[in-house]
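Colleague: The structure follows.
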Amino acid sequence: MRATVMRQRQLMADNLPAPQPGPGEVLVRTLACGICGSDLHFFKYPETLLQPADLERGIVMGHEYCAEVVDYGPATERKIKPGARVCAMPVLTRAESIEIVGYSVGYPGGFGEYMRLPEALLLPVPNGLSTERATMTEPMAVGLHAVQRANASLDDAPLVIGCGPVGLAVIIALKLKGIAPVVAADFSPRRRELAKAVGADIVLDPKNVSPFASWSEAAAVTDPTRAVRLSPWTPAPARRPALIFECVGVPGMIRSVMAAAPPQARIVVVGLCMERDSIEPVNGIMKELSIQFVLGYNGEEFAATLHNLAEGKINPEALVTGKVGVEGVAQAFKDLASPETHAKILVEPWRS
C-alpha cells in the first residue's frame, strides 16, 4: 500500500505491505484522515512515545479518520458490511499495553491506504454525512471532552486562549451547550476569522487587547447571585466564574495564564505541550486557582460527536482548508506551521 512514513525524522511516501487484521480486528480502507496538531508535535518530539528502534523502522501517523470496511480478521462478528463507511476511536487495549493507531509501529494510521482497527470500536457513519465531516469526529470530540471534564455550565464565563483546531473545537462545544458569551483570543487573523465562523461571541488580538480585560467586561454581572464567591482577601468586582481553556500548548502559556487569571479561576489545559515547562505556584495559591489537564475523549463523547455532526448540530466545514495525497503530507506539515494558510488539512491516501 502507499503511505506516508515517518522514518529517521523525515516524512516520505513509500510502498508498504498492507496490514493484516488479527483476531477481533477489521481491515479498512482509509478514505480521509486529518492532520492533527499532536501529529506536528509528535513529528518534532517522536522520542516522547517511541523508542529509537521504532524511529528507524518507521511509523505511519494519522488518527482522525473515516474509512471503509474491506475485510474481517478471525473471531469477529461481521455486523458491518464491507463497503460501509466507519469511524473509530484510535485506541486498542491489550493485556499488557494500550496501542494508539497512528502512534504505533504495529498499527499504521490514516496516512496510509489501509489500516487495521478493533471491530468493537467501529461506528457506522450515518447516511447523508459526508466523509469530510465524518473525519472531523475525532478532533471535535476533543473539544467536547474538554468542556465536559471542566463541568462547564451556563453560569460560567469562558475564555479560550488559542484558536487553532483544538481551541475551535472547544468553542464549538461551548456553543453547543448554550454557554455564552465565549471570548476567544489568538494572534493570527485567519484563526480569529475561524473563531467567529464557529460561534465565538468576542474575538480579539492579544497583541492589541488584553484577553483578560475583555473577558472581565463580558463576565460582569448585575445579579450578585451569579457572581463567583471570593475569599475576603481576594476582593474583586462581581463577575461570573472564570473558565479558561489554554489551547496553545507551548512553554510559558500555563504560567502566563496563571499570572493573569482572576481569583478562583478554573484553568483547563487542552493544548499539548511536549517540552519541559515551569510555573510559579504562588500565583495559583494567592488566587486559589484550579488547574485541570485533559486528554482525548471517551467512547460516549466520540459517539455523541459523530451523532451531532450527522444531525447538523456541528458544522466544521470552515476548518477544512486543504487536501493532499500521501506525497503531499510532508509539505502539508510545513504549511501547517503557519496559521495564516491552513487550519485542517485532510490526507486522502488514494488521491493521485
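Residues are named by chain letter and number: chains run A, B, ... in the order of the C-alpha cells, numbers start at 1 in each chain, and ligands are numbered from 1 in the order shown.
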Please, which residues in range 250-332 of chain A fall within 8 Å of range 193-213 of chain A when counting only C-alpha atoms, and what is the closest atom pair and distance in Å to one decimal for each, ordered by chain then residue number, as CSV?

Modeller:
residue,atom,partner,partner_atom,distance
A:Ala260,CA,A:Phe212,CA,7.0
A:Ala261,CA,A:Phe212,CA,7.1
A:Asn315,CA,A:Val198,CA,7.7
A:Pro316,CA,A:Val198,CA,7.6
A:Ala318,CA,A:Leu194,CA,6.9
A:Leu319,CA,A:Leu194,CA,7.2

Colleague: Quick one: everything within 12 Å of Glu311 in chain A, counting only C-alpha atoms, minus sequence neighbours fewer than 2 positions away in the same chain. Send it as a ChimeraX atom specification.

Modeller: /A:125-130,133-134,304-309,313-315

Colleague: So that I have them on file, write out the residues from the current selection with C-alpha atoms, as a PDB file, in the first residue's frame.

Modeller:
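Output below, filename out-v6.pdb:
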ATOM      1  CA  VAL A 125     -21.163   6.724   9.527  1.00  0.00           C
ATOM      2  CA  PRO A 126     -24.825   7.817   9.395  1.00  0.00           C
ATOM      3  CA  ASN A 127     -26.358   8.041   5.950  1.00  0.00           C
ATOM      4  CA  GLY A 128     -26.058  11.504   4.488  1.00  0.00           C
ATOM      5  CA  LEU A 129     -22.993  12.534   6.477  1.00  0.00           C
ATOM      6  CA  SER A 130     -20.121  13.306   4.149  1.00  0.00           C
ATOM      7  CA  ARG A 133     -17.412  15.845   8.018  1.00  0.00           C
ATOM      8  CA  ALA A 134     -17.162  12.347   9.467  1.00  0.00           C
ATOM      9  CA  ALA A 304     -22.121  11.801  20.577  1.00  0.00           C
ATOM     10  CA  THR A 305     -19.867  13.913  18.361  1.00  0.00           C
ATOM     11  CA  LEU A 306     -20.486  11.710  15.327  1.00  0.00           C
ATOM     12  CA  HIS A 307     -24.232  11.983  16.038  1.00  0.00           C
ATOM     13  CA  ASN A 308     -24.058  15.774  16.389  1.00  0.00           C
ATOM     14  CA  LEU A 309     -22.220  16.025  13.086  1.00  0.00           C
ATOM     15  CA  LYS A 313     -25.507  20.479  15.251  1.00  0.00           C
ATOM     16  CA  ILE A 314     -21.789  20.821  14.477  1.00  0.00           C
ATOM     17  CA  ASN A 315     -20.602  22.341  11.216  1.00  0.00           C
TER      18      ASN A 315
END

Colleague: Which residue gives the smallest distance to Gly62 in chain A among A:Pro263, A:Gly271, A:Gly109, A:Gly296, with only C-alpha atoms counted?

Modeller: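 Of A:Pro263, A:Gly271, A:Gly109, A:Gly296, the one nearest Gly62 in chain A is A:Gly109, counting only C-alpha atoms.
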
Colleague: Could you tell me, as a short mmCIF file (atom, residue, chain, number, x, y, z; two decimals) with C-alpha atoms, in the first residue's frame, which residues of range 122-269 of chain A DSSP assigns to alpha helix (DSSP H) when given the backbone?

Modeller:
data_model
loop_
_atom_site.label_atom_id
_atom_site.label_comp_id
_atom_site.auth_asym_id
_atom_site.auth_seq_id
_atom_site.Cartn_x
_atom_site.Cartn_y
_atom_site.Cartn_z
CA THR A 131 -16.75 11.63 4.55
CA GLU A 132 -15.14 15.03 5.08
CA ARG A 133 -17.41 15.84 8.02
CA ALA A 134 -17.16 12.35 9.47
CA THR A 135 -13.38 12.71 9.51
CA THR A 137 -15.38 13.42 14.58
CA GLU A 138 -12.09 12.85 16.41
CA PRO A 139 -10.91 16.48 16.70
CA MET A 140 -14.40 17.72 17.58
CA ALA A 141 -14.66 15.07 20.33
CA VAL A 142 -11.52 16.55 21.91
CA GLY A 143 -13.33 19.86 22.40
CA LEU A 144 -16.41 18.17 23.80
CA HIS A 145 -14.32 16.20 26.28
CA ALA A 146 -12.54 19.34 27.49
CA VAL A 147 -15.85 21.12 28.12
CA GLN A 148 -17.37 18.05 29.76
CA ARG A 149 -14.39 17.48 32.05
CA PRO A 165 -8.13 23.35 15.72
CA VAL A 166 -8.23 22.48 19.45
CA GLY A 167 -9.43 25.91 20.50
CA LEU A 168 -12.01 25.95 17.71
CA ALA A 169 -13.31 22.56 18.85
CA VAL A 170 -13.66 23.91 22.39
CA ILE A 171 -15.58 26.94 21.12
CA ILE A 172 -17.93 24.68 19.17
CA ALA A 173 -18.52 22.50 22.24
CA LEU A 174 -19.23 25.53 24.45
CA LYS A 175 -21.74 26.92 21.96
CA LEU A 176 -23.35 23.50 21.66
CA PRO A 189 -6.06 36.98 11.84
CA ARG A 190 -7.03 33.79 10.00
CA ARG A 191 -7.68 31.90 13.21
CA ARG A 192 -9.70 34.80 14.59
CA GLU A 193 -11.86 34.62 11.46
CA LEU A 194 -12.41 30.92 12.05
CA ALA A 195 -13.28 31.54 15.71
CA LYS A 196 -16.01 33.92 14.61
CA ALA A 197 -17.20 31.43 11.98
CA PRO A 211 -7.89 38.86 26.68
CA PHE A 212 -8.50 39.10 30.41
CA ALA A 213 -9.67 42.72 30.22
CA SER A 214 -12.17 41.77 27.51
CA TRP A 215 -13.20 38.72 29.48
CA SER A 216 -13.70 40.87 32.60
CA GLU A 217 -16.16 43.11 30.77
CA ALA A 218 -18.03 40.17 29.28
CA ALA A 219 -18.20 38.36 32.64
CA MET A 253 1.49 29.54 28.46
CA ILE A 254 0.31 27.97 31.71
CA ARG A 255 2.49 30.37 33.70
CA SER A 256 1.19 33.43 31.83
CA VAL A 257 -2.44 32.33 32.17
CA MET A 258 -1.98 31.77 35.90
CA ALA A 259 -0.42 35.23 36.28
CA ALA A 260 -3.28 36.98 34.51
#

Colleague: Taking only range 82-303 of chain A into account, list the residues labelled strand (DSSP E or B) by DSSP (computed from the backbone), as a PyMOL selection string.

Modeller: chain A and resi 85-87+91-93+98-100+112+114-118+123-124+157-161+183-185+202-204+220+239+242-246+266-269+290-293

Colleague: For the selection just defined, write its residues with N, CA and C atoms to a file, as a short mmCIF file (atom, residue, chain, number, x, y, z; two decimals), in the first residue's frame.

Modeller:
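Below you can see part_19.cif, which holds the result:
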data_model
loop_
_atom_site.label_atom_id
_atom_site.label_comp_id
_atom_site.auth_asym_id
_atom_site.auth_seq_id
_atom_site.Cartn_x
_atom_site.Cartn_y
_atom_site.Cartn_z
N ARG A 85 -19.03 2.81 5.42
CA ARG A 85 -18.08 3.77 5.99
C ARG A 85 -18.17 3.75 7.52
N VAL A 86 -17.02 3.91 8.16
CA VAL A 86 -16.97 3.85 9.62
C VAL A 86 -16.00 4.89 10.16
N CYS A 87 -16.20 5.24 11.43
CA CYS A 87 -15.22 5.97 12.23
C CYS A 87 -14.93 5.12 13.46
N VAL A 91 -7.79 3.62 19.44
CA VAL A 91 -7.23 3.01 20.64
C VAL A 91 -7.45 1.51 20.61
N LEU A 92 -6.41 0.75 20.95
CA LEU A 92 -6.51 -0.70 21.06
C LEU A 92 -5.97 -1.11 22.42
N THR A 93 -6.82 -1.71 23.23
CA THR A 93 -6.42 -2.12 24.57
C THR A 93 -5.91 -3.55 24.52
N ILE A 98 -1.51 -0.41 25.90
CA ILE A 98 -2.51 0.27 25.07
C ILE A 98 -1.80 0.77 23.81
N GLU A 99 -2.31 0.38 22.68
CA GLU A 99 -1.76 0.82 21.40
C GLU A 99 -2.64 1.94 20.85
N ILE A 100 -2.00 2.95 20.26
CA ILE A 100 -2.72 4.05 19.65
C ILE A 100 -2.47 4.01 18.15
N GLY A 112 -1.97 6.20 5.44
CA GLY A 112 -1.74 5.09 4.52
C GLY A 112 -3.07 4.61 3.96
N TYR A 114 -4.44 1.65 3.92
CA TYR A 114 -5.19 0.67 4.72
C TYR A 114 -4.79 0.75 6.19
N MET A 115 -5.72 0.37 7.06
CA MET A 115 -5.46 0.26 8.50
C MET A 115 -6.14 -0.99 9.02
N ARG A 116 -5.72 -1.45 10.18
CA ARG A 116 -6.48 -2.46 10.89
C ARG A 116 -6.96 -1.85 12.20
N LEU A 117 -8.26 -2.02 12.45
CA LEU A 117 -8.91 -1.38 13.59
C LEU A 117 -9.65 -2.43 14.41
N PRO A 118 -9.91 -2.15 15.68
CA PRO A 118 -10.69 -3.08 16.51
C PRO A 118 -12.17 -3.05 16.12
N LEU A 123 -17.88 2.56 14.47
CA LEU A 123 -19.18 3.24 14.45
C LEU A 123 -19.55 3.52 13.00
N PRO A 124 -20.68 3.00 12.52
CA PRO A 124 -21.09 3.30 11.14
C PRO A 124 -21.33 4.80 10.97
N ALA A 157 -18.22 31.91 32.65
CA ALA A 157 -17.81 32.85 31.61
C ALA A 157 -16.52 32.33 31.00
N PRO A 158 -16.58 31.72 29.82
CA PRO A 158 -15.39 31.06 29.26
C PRO A 158 -14.48 32.01 28.47
N LEU A 159 -13.19 31.72 28.56
CA LEU A 159 -12.18 32.40 27.76
C LEU A 159 -11.32 31.32 27.12
N VAL A 160 -11.22 31.35 25.78
CA VAL A 160 -10.44 30.37 25.03
C VAL A 160 -9.18 31.05 24.53
N ILE A 161 -8.03 30.58 25.00
CA ILE A 161 -6.74 31.12 24.59
C ILE A 161 -6.15 30.22 23.51
N VAL A 183 -15.44 34.26 24.88
CA VAL A 183 -14.36 35.16 24.48
C VAL A 183 -13.20 34.32 23.98
N ALA A 184 -12.65 34.66 22.82
CA ALA A 184 -11.56 33.89 22.23
C ALA A 184 -10.44 34.82 21.80
N ALA A 185 -9.20 34.35 21.94
CA ALA A 185 -8.05 35.18 21.62
C ALA A 185 -7.02 34.40 20.82
N ILE A 202 -16.94 37.03 21.21
CA ILE A 202 -15.97 38.13 21.26
C ILE A 202 -14.62 37.55 20.87
N VAL A 203 -14.04 38.08 19.80
CA VAL A 203 -12.76 37.58 19.30
C VAL A 203 -11.76 38.73 19.27
N LEU A 204 -10.58 38.51 19.79
CA LEU A 204 -9.63 39.62 19.90
C LEU A 204 -8.21 39.19 19.61
N ALA A 220 -18.92 40.47 33.61
CA ALA A 220 -19.53 41.29 34.67
C ALA A 220 -21.02 40.96 34.81
N ARG A 239 -18.24 39.20 39.16
CA ARG A 239 -18.14 38.59 37.84
C ARG A 239 -18.56 37.13 37.92
N ALA A 242 -14.76 32.32 36.22
CA ALA A 242 -13.87 32.26 35.06
C ALA A 242 -13.52 30.82 34.72
N LEU A 243 -13.73 30.46 33.46
CA LEU A 243 -13.37 29.14 32.95
C LEU A 243 -12.47 29.37 31.75
N ILE A 244 -11.18 29.11 31.94
CA ILE A 244 -10.17 29.45 30.93
C ILE A 244 -9.63 28.18 30.29
N PHE A 245 -9.70 28.12 28.97
CA PHE A 245 -9.17 26.97 28.23
C PHE A 245 -7.85 27.38 27.57
N GLU A 246 -6.75 26.75 27.99
CA GLU A 246 -5.44 27.01 27.40
C GLU A 246 -5.27 26.04 26.25
N ARG A 266 -10.88 28.62 37.00
CA ARG A 266 -10.58 27.24 36.63
C ARG A 266 -9.87 27.27 35.28
N ILE A 267 -8.68 26.71 35.25
CA ILE A 267 -7.87 26.69 34.04
C ILE A 267 -7.83 25.26 33.52
N VAL A 268 -8.28 25.07 32.29
CA VAL A 268 -8.29 23.75 31.67
C VAL A 268 -7.22 23.73 30.59
N VAL A 269 -6.23 22.87 30.75
CA VAL A 269 -5.11 22.79 29.82
C VAL A 269 -5.44 21.74 28.77
N SER A 290 -7.61 26.75 40.10
CA SER A 290 -7.71 25.31 39.86
C SER A 290 -7.19 25.04 38.45
N ILE A 291 -6.28 24.07 38.33
CA ILE A 291 -5.73 23.71 37.03
C ILE A 291 -6.06 22.26 36.74
N GLN A 292 -6.63 22.03 35.56
CA GLN A 292 -7.03 20.68 35.16
C GLN A 292 -6.43 20.37 33.80
N PHE A 293 -5.84 19.19 33.66
CA PHE A 293 -5.30 18.73 32.39
C PHE A 293 -6.27 17.70 31.79
#

Colleague: What is the CA of Ala310 in chain A to CA of Ala67 in chain A distance in Å?

Modeller: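 Spanning CA of Ala310 in chain A to CA of Ala67 in chain A is a straight-line distance of 16.1 Å.
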
Colleague: Check the smallest atom-to-atom distance from each of A:Leu49, A:Leu272, A:Val26, A:Ala150 to Gly73 in chain A using only C-alpha atoms, then report the winner.

Modeller: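 Result for the nearest residue to Gly73 in chain A: A:Val26.
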
Colleague: Figure out the distance between CA of Pro251 in chain A and CA of Val105 in chain A, please, to one decimal in Å.

Modeller: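 Result for CA of Val105 in chain A versus CA of Pro251 in chain A: 28.8 Å, one decimal.
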
Colleague: What lies within 6 Å of Gly325 in chain A using only C-alpha atoms, ignoring chain neighbours under 5 positions off, as a ChimeraX atom specification?

Modeller: /A:347-349,351

Colleague: Export N, CA and C atoms of the chosen residues as an mmCIF file, in the first residue's frame?

Modeller:
data_model
loop_
_atom_site.group_PDB
_atom_site.id
_atom_site.type_symbol
_atom_site.label_atom_id
_atom_site.label_comp_id
_atom_site.auth_asym_id
_atom_site.auth_seq_id
_atom_site.Cartn_x
_atom_site.Cartn_y
_atom_site.Cartn_z
ATOM 1 N N VAL A 347 -5.727 14.210 4.663
ATOM 2 C CA VAL A 347 -4.948 13.315 3.809
ATOM 3 C C VAL A 347 -5.908 12.304 3.195
ATOM 4 N N GLU A 348 -5.932 12.251 1.871
ATOM 5 C CA GLU A 348 -6.709 11.257 1.153
ATOM 6 C C GLU A 348 -5.693 10.348 0.452
ATOM 7 N N PRO A 349 -5.376 9.206 1.084
ATOM 8 C CA PRO A 349 -4.262 8.373 0.587
ATOM 9 C C PRO A 349 -4.413 7.910 -0.850
ATOM 10 N N ARG A 351 -5.639 9.713 -3.238
ATOM 11 C CA ARG A 351 -5.548 10.878 -4.137
ATOM 12 C C ARG A 351 -4.224 10.824 -4.887
#

Colleague: Using only C-alpha atoms for the distances, tell me which of A:Glu113, A:Ser97, A:Glu119, A:Glu47 is nearest to Lys79 in chain A.

Modeller: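 Looking only at the distances to Lys79 in chain A, the closest residue turns out to be A:Glu119.
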
Colleague: Using only C-alpha atoms, can you tell me which of A:Arg2, A:Arg78, A:Ile345, A:Lys44 comes closest to Val329 in chain A?

Modeller: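 That would be A:Ile345, the residue with the smallest distance to Val329 in chain A.
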
Colleague: In Å, with one decimal, what is the gap from CA of Ile35 in chain A to CA of Gly312 in chain A?

Modeller: 22.8 Å

Colleague: At a cut-off of 12 Å, using only C-alpha atoms, what residues contact Thr48 in chain A? Leave out same-chain residues fewer than 4 positions from it and give the result as a count of residues only.

Modeller: 13

Colleague: When distances are computed from only C-alpha atoms, which of A:Arg29, A:His63, A:Asp156, A:Ala120 shows the smallest separation from Pro82 in chain A?

Modeller: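 Of A:Arg29, A:His63, A:Asp156, A:Ala120, the one nearest Pro82 in chain A, counting only C-alpha atoms, is A:Arg29.
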
Colleague: Give me the residues within 7 Å of Ala330 in chain A as a JSON list (two decimals) with N, CA and C atoms, in the first residue's frame, counting only C-alpha atoms and dropping any in the same chain fewer than 4 places off.

Modeller:
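Saved as result-v2.json:
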[["chain", "number", "residue", "atom", "x", "y", "z"],
["A", 11, "LEU", "N", 9.57, 12.69, 6.75],
["A", 11, "LEU", "CA", 8.32, 12.18, 6.21],
["A", 11, "LEU", "C", 8.51, 11.86, 4.74],
["A", 12, "MET", "N", 8.18, 10.63, 4.34],
["A", 12, "MET", "CA", 8.40, 10.22, 2.96],
["A", 12, "MET", "C", 7.28, 9.29, 2.50],
["A", 334, "LYS", "N", 4.69, 21.26, 6.80],
["A", 334, "LYS", "CA", 5.36, 22.57, 6.76],
["A", 334, "LYS", "C", 4.34, 23.70, 6.65]]
